[in-house]
Number of protein chains: 2
Amino acid sequence: MSKSDARPLTLRDVSEASGVSEMTVSRVLRNRGDVSATTREKVLKAAKELGYVPNKIAGALASQRVNLVAVIIPSLSNMVFPEVMTGISQILEDTELQPVVGVTDYQPEKEERVLFEMLSWRPSGVIIAGLEHSDASRAMLKASGIPVIEIMDVDGTPIDTCVGISHRRAGREMAQAIIKGRYERIGFMGTKMPLDHRARKRFEGFTEALGKAGIEIAEREFYSGGSALAKGREMTAAMLKRDPELDFLYYSNDMIGAGGLLYCMENGYNIPEQIGLAGFNGVELLQGLPRQLATMDSCRQEIGRKAAEIIAQRVEEPNIELDKRVELMPKISFGDTLKRR
Amino acid sequence: MSKSDARPLTLRDVSEASGVSEMTVSRVLRNRGDVSATTREKVLKAAKELGYVPNKIAGALASQRVNLVAVIIPSLSNMVFPEVMTGISQILEDTELQPVVGVTDYQPEKEERVLFEMLSWRPSGVIIAGLEHSDASRAMLKASGIPVIEIMDVDGTPIDTCVGISHRRAGREMAQAIIKGRYERIGFMGTKMPLDHRARKRFEGFTEALGKAGIEIAEREFYSGGSALAKGREMTAAMLKRDPELDFLYYSNDMIGAGGLLYCMENGYNIPEQIGLAGFNGVELLQGLPRQLATMDSCRQEIGRKAAEIIAQRVEEPNIELDKRVELMPKISFGDTLKRR
DNA sequence: GTGAAAGCGCTAACAT
DNA sequence: ATGTTAGCGCTTTCAC
């Protein structure tokens, strides 16, 4: 109880309190090697009574092993990355590994800083969103000598291994579903984010597939900041005013799509006959809307789980050979806003 | 480029490559002490060319200082904690400190494990959600000797310092607004979470204030799991079926409130005359709904900022005397679903 | 089953 | 302005 000594306890303290050598105390606390039941008891008792918390810094330095996995993502407020985290945690919970999160705000320089910071803690692996990184970031990752899993996207060349979906394909498939639905006059709405490569790739796949069917996007609009639901509503209103003949609206995410859907419903549009809508991500959050928005699942949890599994395996068995590219297949969900034929 | 040697680089490598002593290299890399411009250049060049990443583990062990702040929260998928994180990051970005997140899933045993794990990295401070912790957790926090900020709640006794709102007061104030609005037959819906102490306290404050006005809650219902929007809708439907005379619905969070609101609108209820609704949290996400749900801001970012500021100050100046209890005052927003008089 | 010695990669403190 | 020495708290290795 003496609050006098602020110095954290060390193994030595436990050793003295229990009358067991530091080395054996260490063994007990890590469940390593053979220790007699009696000494074990003594040590455990002393450690608990003192309230000893091991110093992982010293442990990591001595053992050259750190049970941390760096997870580097663009944002937490996006609803999609927390789900990736959930998948990662699920898997790592059964291992010694622990995720540590860093956020980049979609800024390459910040990504570089965060990466440098995290690598300087010598984690056992890195899970990082996207395939696009600065040269410096790529160099650091390559030089790190640890497993690097790039997630969310497979359209590109991974540094080491990638796990995700093809956003180009996702855009393409949605375009094909729209074409099949006999929609012809199509508007697109998305985020004004030159650095959101995955949204860009979806858009590219989308326009490319439409192009093959001789269709060109009639209207497009991009937003930034603010409440996505409100923005979707506003953009939709503006776009339908500009071109009332539009018969389909493709949104780069479900939240703005939901805003658009609410707008269309309130204004008496006949959905999905007169006008169809689709978003992207498949966020569970939106179940409960008056109508189900057509969307495409982005396999977020699954991506997190798979990435974590790969890291765990590679930590166990460093020389194991695994696929360098794991593509998951998102499935379209038609909801109530996309004619299905 | 030689991939041969997997061993990470050390200061010694930079020292040899630059012909400068390890100590001076260290000084350059940390911007400490006086180093001549020329040596500085040499060192920086060598470090960059080699791709040296400092080993923070060794640095932390030697200097006995770790620029990490442990942030321990119940969940990431809640929408409220990411916002707290945003506030924390905003402040810590201007310091040497770095947040590290741990998630407890509202489970005290998991909180204990996460806390132990994080404390074993000897962080400079802890920000932890809530005032309720197991005895073991409290003991660890007390013994840690570092600043401990308990956030989100001020109804209780902090271990060290707390920053948040009074959920009891929040419940009370909403009750008072409802009474002023002349509502009389009130239903409550919330999460089935015995461990969500803040929701519980809001509920207690709410019923207490109603009780003083001679009103008792007419109906209540609790859910767990699933899409909050959908659950809010379902629960509302069920509750209004059971008791069609209800004239107010109080929800323990905005998402289920929004579900209820959508349900009521679709079913031709006259809002807020025939029936009023209110949620809690003030999530920006929901702007863009056809009508604005009455709610109460829970000051999430502000809480994060304030907590981070306190940690930063205490790290700078360990003996500084600061308030042990910082109460922020959430304000009610009436939206379109609560009569205001 | 237990202990003693050496050292992980860095920095504080003290030379120079 | 730069270098030397000692040691942070643990684990590895080897001896008993």
# chains A, B, ... in the order shown; residues from 1 in each chain; ligands from 1
call {"tool": "residues_around", "arguments": {"residues": "Glu327 (chain A)", "least_positions_apart": "5", "cutoff": "8 Å", "atoms": "only C-alpha atoms (C1' of nucleotides)", "output": "VMD selection string"}}
result
chain A and resid 154 163 to 166
call {"tool": "write_last_selection", "arguments": {"atoms": "all heavy atoms", "output": "PDB file, in the first residue's frame"}}
result
ATOM      1  N   VAL A 154      -7.619  -6.264 -54.616  1.00  0.00           N
ATOM      2  CA  VAL A 154      -6.663  -7.180 -55.254  1.00  0.00           C
ATOM      3  C   VAL A 154      -6.276  -6.703 -56.655  1.00  0.00           C
ATOM      4  O   VAL A 154      -5.580  -7.413 -57.378  1.00  0.00           O
ATOM      5  CB  VAL A 154      -7.207  -8.628 -55.331  1.00  0.00           C
ATOM      6  CG1 VAL A 154      -7.459  -9.186 -53.941  1.00  0.00           C
ATOM      7  CG2 VAL A 154      -8.463  -8.689 -56.173  1.00  0.00           C
ATOM      8  N   VAL A 163      -5.292  -9.595 -49.792  1.00  0.00           N
ATOM      9  CA  VAL A 163      -6.571 -10.254 -49.529  1.00  0.00           C
ATOM     10  C   VAL A 163      -7.668  -9.228 -49.733  1.00  0.00           C
ATOM     11  O   VAL A 163      -7.649  -8.181 -49.094  1.00  0.00           O
ATOM     12  CB  VAL A 163      -6.658 -10.749 -48.071  1.00  0.00           C
ATOM     13  CG1 VAL A 163      -8.031 -11.342 -47.803  1.00  0.00           C
ATOM     14  CG2 VAL A 163      -5.566 -11.749 -47.757  1.00  0.00           C
ATOM     15  N   GLY A 164      -8.601  -9.520 -50.609  1.00  0.00           N
ATOM     16  CA  GLY A 164      -9.671  -8.546 -50.795  1.00  0.00           C
ATOM     17  C   GLY A 164     -10.565  -8.907 -51.945  1.00  0.00           C
ATOM     18  O   GLY A 164     -10.626 -10.062 -52.357  1.00  0.00           O
ATOM     19  N   ILE A 165     -11.261  -7.908 -52.425  1.00  0.00           N
ATOM     20  CA  ILE A 165     -12.103  -8.120 -53.594  1.00  0.00           C
ATOM     21  C   ILE A 165     -11.553  -7.272 -54.730  1.00  0.00           C
ATOM     22  O   ILE A 165     -10.757  -6.365 -54.510  1.00  0.00           O
ATOM     23  CB  ILE A 165     -13.569  -7.721 -53.318  1.00  0.00           C
ATOM     24  CG1 ILE A 165     -13.673  -6.204 -53.080  1.00  0.00           C
ATOM     25  CG2 ILE A 165     -14.115  -8.474 -52.115  1.00  0.00           C
ATOM     26  CD1 ILE A 165     -15.104  -5.716 -53.019  1.00  0.00           C
ATOM     27  N   SER A 166     -11.976  -7.586 -55.938  1.00  0.00           N
ATOM     28  CA  SER A 166     -11.617  -6.750 -57.077  1.00  0.00           C
ATOM     29  C   SER A 166     -12.690  -5.682 -57.229  1.00  0.00           C
ATOM     30  O   SER A 166     -13.835  -5.977 -57.548  1.00  0.00           O
ATOM     31  CB  SER A 166     -11.536  -7.584 -58.351  1.00  0.00           C
ATOM     32  OG  SER A 166     -11.616  -6.721 -59.485  1.00  0.00           O
TER      33      SER A 166
END
call {"tool": "interface_residues", "arguments": {"of": "chain D", "to": "chain A", "cutoff": "10 Å", "atoms": "only C-alpha atoms (C1' of nucleotides)", "output": "list in words"}}
result
DC8, DG9, DC10, DT11 and DT12 of chain D
call {"tool": "write_last_selection", "arguments": {"atoms": "N, CA and C atoms (P, O5', C5', C4', C3', O3' and C1' of nucleotides)", "output": "mmCIF file, in the first residue's frame"}}
result
data_model
loop_
_atom_site.group_PDB
_atom_site.id
_atom_site.type_symbol
_atom_site.label_atom_id
_atom_site.label_comp_id
_atom_site.auth_asym_id
_atom_site.auth_seq_id
_atom_site.Cartn_x
_atom_site.Cartn_y
_atom_site.Cartn_z
ATOM 1 P P DC D 8 19.910 -1.309 -14.369
ATOM 2 O "O5'" DC D 8 18.479 -0.989 -15.000
ATOM 3 C "C5'" DC D 8 18.038 0.337 -15.268
ATOM 4 C "C4'" DC D 8 17.123 0.306 -16.477
ATOM 5 C "C3'" DC D 8 16.260 -0.938 -16.528
ATOM 6 O "O3'" DC D 8 14.982 -0.604 -15.980
ATOM 7 C "C1'" DC D 8 17.276 -0.452 -18.679
ATOM 8 P P DG D 9 14.463 -1.358 -14.671
ATOM 9 O "O5'" DG D 9 13.922 -2.735 -15.255
ATOM 10 C "C5'" DG D 9 12.838 -2.734 -16.162
ATOM 11 C "C4'" DG D 9 12.762 -4.094 -16.805
ATOM 12 C "C3'" DG D 9 12.630 -5.264 -15.829
ATOM 13 O "O3'" DG D 9 11.640 -6.114 -16.360
ATOM 14 C "C1'" DG D 9 14.400 -5.647 -17.287
ATOM 15 P P DC D 10 11.011 -7.334 -15.589
ATOM 16 O "O5'" DC D 10 11.141 -8.529 -16.560
ATOM 17 C "C5'" DC D 10 10.733 -8.818 -17.744
ATOM 18 C "C4'" DC D 10 11.775 -9.142 -18.779
ATOM 19 C "C3'" DC D 10 12.058 -10.609 -18.967
ATOM 20 O "O3'" DC D 10 11.043 -11.151 -19.805
ATOM 21 C "C1'" DC D 10 14.008 -9.244 -19.289
ATOM 22 P P DT D 11 10.805 -12.701 -19.889
ATOM 23 O "O5'" DT D 11 11.979 -13.187 -20.851
ATOM 24 C "C5'" DT D 11 11.955 -12.788 -22.214
ATOM 25 C "C4'" DT D 11 13.198 -13.325 -22.900
ATOM 26 C "C3'" DT D 11 13.267 -14.839 -22.976
ATOM 27 O "O3'" DT D 11 13.792 -15.137 -24.258
ATOM 28 C "C1'" DT D 11 15.192 -14.019 -21.916
ATOM 29 P P DT D 12 13.530 -16.572 -24.904
ATOM 30 O "O5'" DT D 12 14.967 -17.001 -25.428
ATOM 31 C "C5'" DT D 12 15.860 -16.037 -25.986
ATOM 32 C "C4'" DT D 12 17.295 -16.479 -25.829
ATOM 33 C "C3'" DT D 12 17.526 -17.999 -25.945
ATOM 34 O "O3'" DT D 12 18.484 -18.222 -26.968
ATOM 35 C "C1'" DT D 12 18.598 -17.121 -24.012
#
call {"tool": "select_by_dssp", "arguments": {"residues": "region 190-339 of chain A", "states": "strand (DSSP E or B)", "output": "JSON, numbers by chain"}}
result
{"A": [190, 191, 219, 220, 221, 222, 223, 248, 249, 250, 251, 276, 277, 278, 281, 287, 289, 294, 295, 296, 297, 325, 326, 327, 332, 333]}
call {"tool": "write_last_selection", "arguments": {"atoms": "N, CA, C and O atoms", "output": "compact mmCIF listing (two decimals), in the first residue's frame"}}
result
# COMPACT_ATOMS: atom_id res chain seq x y z
N GLY A 190 -20.65 9.89 -55.93
CA GLY A 190 -19.60 9.32 -55.10
C GLY A 190 -18.90 10.37 -54.26
O GLY A 190 -19.31 11.53 -54.22
N THR A 191 -17.88 9.93 -53.57
CA THR A 191 -17.09 10.84 -52.74
C THR A 191 -16.02 11.50 -53.58
O THR A 191 -15.46 10.89 -54.48
N GLU A 219 -24.97 11.44 -65.91
CA GLU A 219 -24.71 12.48 -64.91
C GLU A 219 -23.77 11.95 -63.85
O GLU A 219 -23.80 10.76 -63.53
N ARG A 220 -22.98 12.83 -63.29
CA ARG A 220 -22.17 12.38 -62.17
C ARG A 220 -22.00 13.52 -61.16
O ARG A 220 -22.08 14.69 -61.51
N GLU A 221 -21.78 13.16 -59.93
CA GLU A 221 -21.61 14.20 -58.92
C GLU A 221 -20.78 13.63 -57.75
O GLU A 221 -20.91 12.47 -57.40
N PHE A 222 -19.94 14.49 -57.19
CA PHE A 222 -19.09 14.06 -56.10
C PHE A 222 -19.23 15.00 -54.93
O PHE A 222 -19.44 16.19 -55.10
N TYR A 223 -19.15 14.45 -53.73
CA TYR A 223 -19.28 15.28 -52.54
C TYR A 223 -18.10 15.03 -51.62
O TYR A 223 -17.34 14.09 -51.80
N PHE A 248 -31.56 5.27 -63.51
CA PHE A 248 -30.80 4.52 -62.50
C PHE A 248 -29.76 5.43 -61.83
O PHE A 248 -29.14 6.26 -62.47
N LEU A 249 -29.59 5.20 -60.52
CA LEU A 249 -28.60 5.95 -59.77
C LEU A 249 -27.66 4.98 -59.06
O LEU A 249 -28.10 4.14 -58.27
N TYR A 250 -26.38 5.10 -59.38
CA TYR A 250 -25.38 4.24 -58.73
C TYR A 250 -24.56 5.09 -57.77
O TYR A 250 -24.01 6.11 -58.16
N TYR A 251 -24.51 4.64 -56.53
CA TYR A 251 -23.84 5.40 -55.48
C TYR A 251 -22.57 4.66 -55.05
O TYR A 251 -22.58 3.44 -54.96
N GLY A 276 -34.13 2.97 -60.68
CA GLY A 276 -33.46 1.98 -59.84
C GLY A 276 -32.32 2.65 -59.09
O GLY A 276 -31.84 3.71 -59.47
N LEU A 277 -31.89 2.03 -57.99
CA LEU A 277 -30.77 2.57 -57.22
C LEU A 277 -29.89 1.43 -56.73
O LEU A 277 -30.38 0.34 -56.46
N ALA A 278 -28.62 1.72 -56.58
CA ALA A 278 -27.73 0.75 -55.97
C ALA A 278 -26.58 1.45 -55.26
O ALA A 278 -26.16 2.54 -55.68
N ASN A 281 -21.27 -1.81 -50.46
CA ASN A 281 -20.72 -2.19 -49.14
C ASN A 281 -21.53 -3.24 -48.41
O ASN A 281 -20.99 -4.05 -47.69
N GLN A 287 -30.30 -2.19 -42.79
CA GLN A 287 -31.49 -3.03 -42.75
C GLN A 287 -32.45 -2.34 -41.80
O GLN A 287 -32.06 -1.86 -40.76
N LEU A 289 -34.41 0.08 -43.19
CA LEU A 289 -34.94 1.15 -44.02
C LEU A 289 -36.23 0.64 -44.65
O LEU A 289 -36.42 -0.57 -44.80
N ALA A 294 -30.34 -1.94 -53.21
CA ALA A 294 -29.47 -2.90 -53.89
C ALA A 294 -28.02 -2.54 -53.57
O ALA A 294 -27.67 -1.36 -53.48
N THR A 295 -27.19 -3.54 -53.37
CA THR A 295 -25.81 -3.25 -53.00
C THR A 295 -24.94 -4.45 -53.28
O THR A 295 -25.39 -5.46 -53.82
N MET A 296 -23.69 -4.33 -52.91
CA MET A 296 -22.79 -5.42 -53.13
C MET A 296 -21.95 -5.53 -51.87
O MET A 296 -21.36 -4.56 -51.42
N ASP A 297 -21.91 -6.70 -51.34
CA ASP A 297 -21.18 -6.95 -50.11
C ASP A 297 -19.68 -6.78 -50.35
O ASP A 297 -19.15 -7.28 -51.33
N ARG A 325 -2.21 -13.92 -53.42
CA ARG A 325 -3.35 -13.12 -53.82
C ARG A 325 -4.62 -13.90 -53.49
O ARG A 325 -4.85 -14.96 -54.04
N VAL A 326 -5.39 -13.40 -52.55
CA VAL A 326 -6.62 -14.08 -52.16
C VAL A 326 -7.78 -13.19 -52.54
O VAL A 326 -8.00 -12.14 -51.94
N GLU A 327 -8.51 -13.60 -53.57
CA GLU A 327 -9.63 -12.77 -54.01
C GLU A 327 -10.94 -13.33 -53.49
O GLU A 327 -11.28 -14.48 -53.76
N ILE A 332 -23.84 -9.68 -55.31
CA ILE A 332 -24.79 -8.59 -55.46
C ILE A 332 -26.03 -8.93 -54.66
O ILE A 332 -26.43 -10.09 -54.57
N SER A 333 -26.63 -7.92 -54.03
CA SER A 333 -27.94 -8.17 -53.43
C SER A 333 -28.91 -7.16 -54.04
O SER A 333 -28.64 -5.95 -53.99
call {"tool": "interface_residues", "arguments": {"of": "chain A", "to": "chain C", "cutoff": "7 Å", "atoms": "only C-alpha atoms (C1' of nucleotides)", "output": "PyMOL selection string"}}
result
chain A and resi 21+24+34-36+61-62
call {"tool": "interface_residues", "arguments": {"of": "chain B", "to": "chain A", "cutoff": "7 Å", "atoms": "only C-alpha atoms", "output": "VMD selection string"}}
result
chain B and resid 6 51 53 to 58 61 76 to 77 82 100 to 101 120 to 121 145 227 to 230 233 259 284 to 288
call {"tool": "atom_distance", "arguments": {"atom1": "CA of Ala17 (chain B)", "atom2": "CA of Ser134 (chain A)"}}
result
25.3 Å
call {"tool": "closest_residue", "arguments": {"among": "B:Thr95, B:Gln107, B:Asn67, B:Gln176", "to": "Pro123 (chain B)", "atoms": "only C-alpha atoms"}}
result
B:Asn67
call {"tool": "atom_distance", "arguments": {"atom1": "CA of Glu216 (chain B)", "atom2": "CA of Arg172 (chain B)"}}
result
13.5 Å
call {"tool": "atom_distance", "arguments": {"atom1": "CA of Ile128 (chain A)", "atom2": "CA of Ile311 (chain B)"}}
result
28.6 Å
call {"tool": "select_by_dssp", "arguments": {"residues": "region 8-153 of chain B", "states": "alpha helix (DSSP H)", "output": "NGL selection string"}}
result
:B and (11-18 or 22-30 or 37-50 or 56-63 or 80-92 or 108-119 or 135-144)
call {"tool": "write_last_selection", "arguments": {"atoms": "C-alpha atoms", "output": "CSV table (one decimal), in the first residue's frame"}}
result
chain,number,residue,atom,x,y,z
B,11,LEU,CA,22.2,2.1,-34.8
B,12,ARG,CA,25.5,0.4,-35.2
B,13,ASP,CA,24.9,-0.2,-38.9
B,14,VAL,CA,24.2,3.5,-39.4
B,15,SER,CA,27.2,4.4,-37.3
B,16,GLU,CA,29.5,2.3,-39.4
B,17,ALA,CA,28.0,3.5,-42.7
B,18,SER,CA,28.4,7.1,-41.7
B,22,GLU,CA,26.5,5.4,-32.3
B,23,MET,CA,25.8,8.0,-29.7
B,24,THR,CA,26.0,10.8,-32.1
B,25,VAL,CA,23.8,8.9,-34.6
B,26,SER,CA,21.3,8.5,-31.8
B,27,ARG,CA,21.4,12.2,-31.1
B,28,VAL,CA,20.8,13.1,-34.7
B,29,LEU,CA,17.9,10.8,-35.1
B,30,ARG,CA,16.2,12.1,-32.0
B,37,ALA,CA,25.4,20.4,-39.5
B,38,THR,CA,27.9,18.2,-41.4
B,39,THR,CA,27.7,15.2,-39.2
B,40,ARG,CA,24.0,15.5,-39.1
B,41,GLU,CA,23.9,15.4,-42.9
B,42,LYS,CA,26.2,12.4,-43.0
B,43,VAL,CA,24.1,10.5,-40.5
B,44,LEU,CA,20.7,11.4,-42.1
B,45,LYS,CA,22.0,10.3,-45.5
B,46,ALA,CA,23.3,7.0,-44.2
B,47,ALA,CA,20.1,6.3,-42.3
B,48,LYS,CA,17.9,7.1,-45.3
B,49,GLU,CA,20.0,5.1,-47.7
B,50,LEU,CA,20.1,2.0,-45.4
B,56,LYS,CA,11.6,1.8,-30.1
B,57,ILE,CA,11.7,-1.2,-27.9
B,58,ALA,CA,15.3,-0.8,-27.1
B,59,GLY,CA,14.8,3.0,-26.9
B,60,ALA,CA,12.0,2.7,-24.5
B,61,LEU,CA,13.8,0.3,-22.3
B,62,ALA,CA,16.9,2.5,-22.1
B,63,SER,CA,15.0,5.8,-21.6
B,80,VAL,CA,-19.7,6.7,-30.6
B,81,PHE,CA,-16.2,5.4,-29.8
B,82,PRO,CA,-14.7,6.1,-33.2
B,83,GLU,CA,-15.7,9.7,-32.5
B,84,VAL,CA,-14.0,9.7,-29.1
B,85,MET,CA,-10.9,8.4,-30.9
B,86,THR,CA,-11.1,11.2,-33.4
B,87,GLY,CA,-11.1,13.7,-30.5
B,88,ILE,CA,-8.1,11.9,-28.9
B,89,SER,CA,-6.1,11.8,-32.1
B,90,GLN,CA,-6.7,15.5,-32.8
B,91,ILE,CA,-5.0,16.4,-29.6
B,92,LEU,CA,-2.3,13.8,-29.5
B,108,PRO,CA,-15.1,-6.9,-17.5
B,109,GLU,CA,-12.8,-10.0,-17.8
B,110,LYS,CA,-11.8,-8.9,-21.2
B,111,GLU,CA,-11.2,-5.4,-19.9
B,112,GLU,CA,-8.9,-6.9,-17.3
B,113,ARG,CA,-6.9,-8.8,-19.9
B,114,VAL,CA,-6.7,-5.9,-22.3
B,115,LEU,CA,-5.6,-3.6,-19.5
B,116,PHE,CA,-3.0,-6.0,-18.2
B,117,GLU,CA,-1.7,-6.4,-21.8
B,118,MET,CA,-1.5,-2.7,-22.4
B,119,LEU,CA,0.0,-1.8,-19.0
B,135,ASP,CA,-11.3,-4.8,-8.4
B,136,ALA,CA,-8.3,-6.2,-10.2
B,137,SER,CA,-8.6,-3.6,-13.0
B,138,ARG,CA,-8.8,-0.8,-10.4
B,139,ALA,CA,-5.8,-2.2,-8.6
B,140,MET,CA,-3.8,-2.3,-11.7
B,141,LEU,CA,-4.7,1.2,-12.7
B,142,LYS,CA,-3.9,2.5,-9.3
B,143,ALA,CA,-0.6,0.7,-9.1
B,144,SER,CA,0.4,1.8,-12.6
call {"tool": "closest_residue", "arguments": {"among": "A:Lys306, A:His197, A:Ile72, A:Lys192", "to": "Gly225 (chain A)", "atoms": "only C-alpha atoms"}}
result
A:Lys192
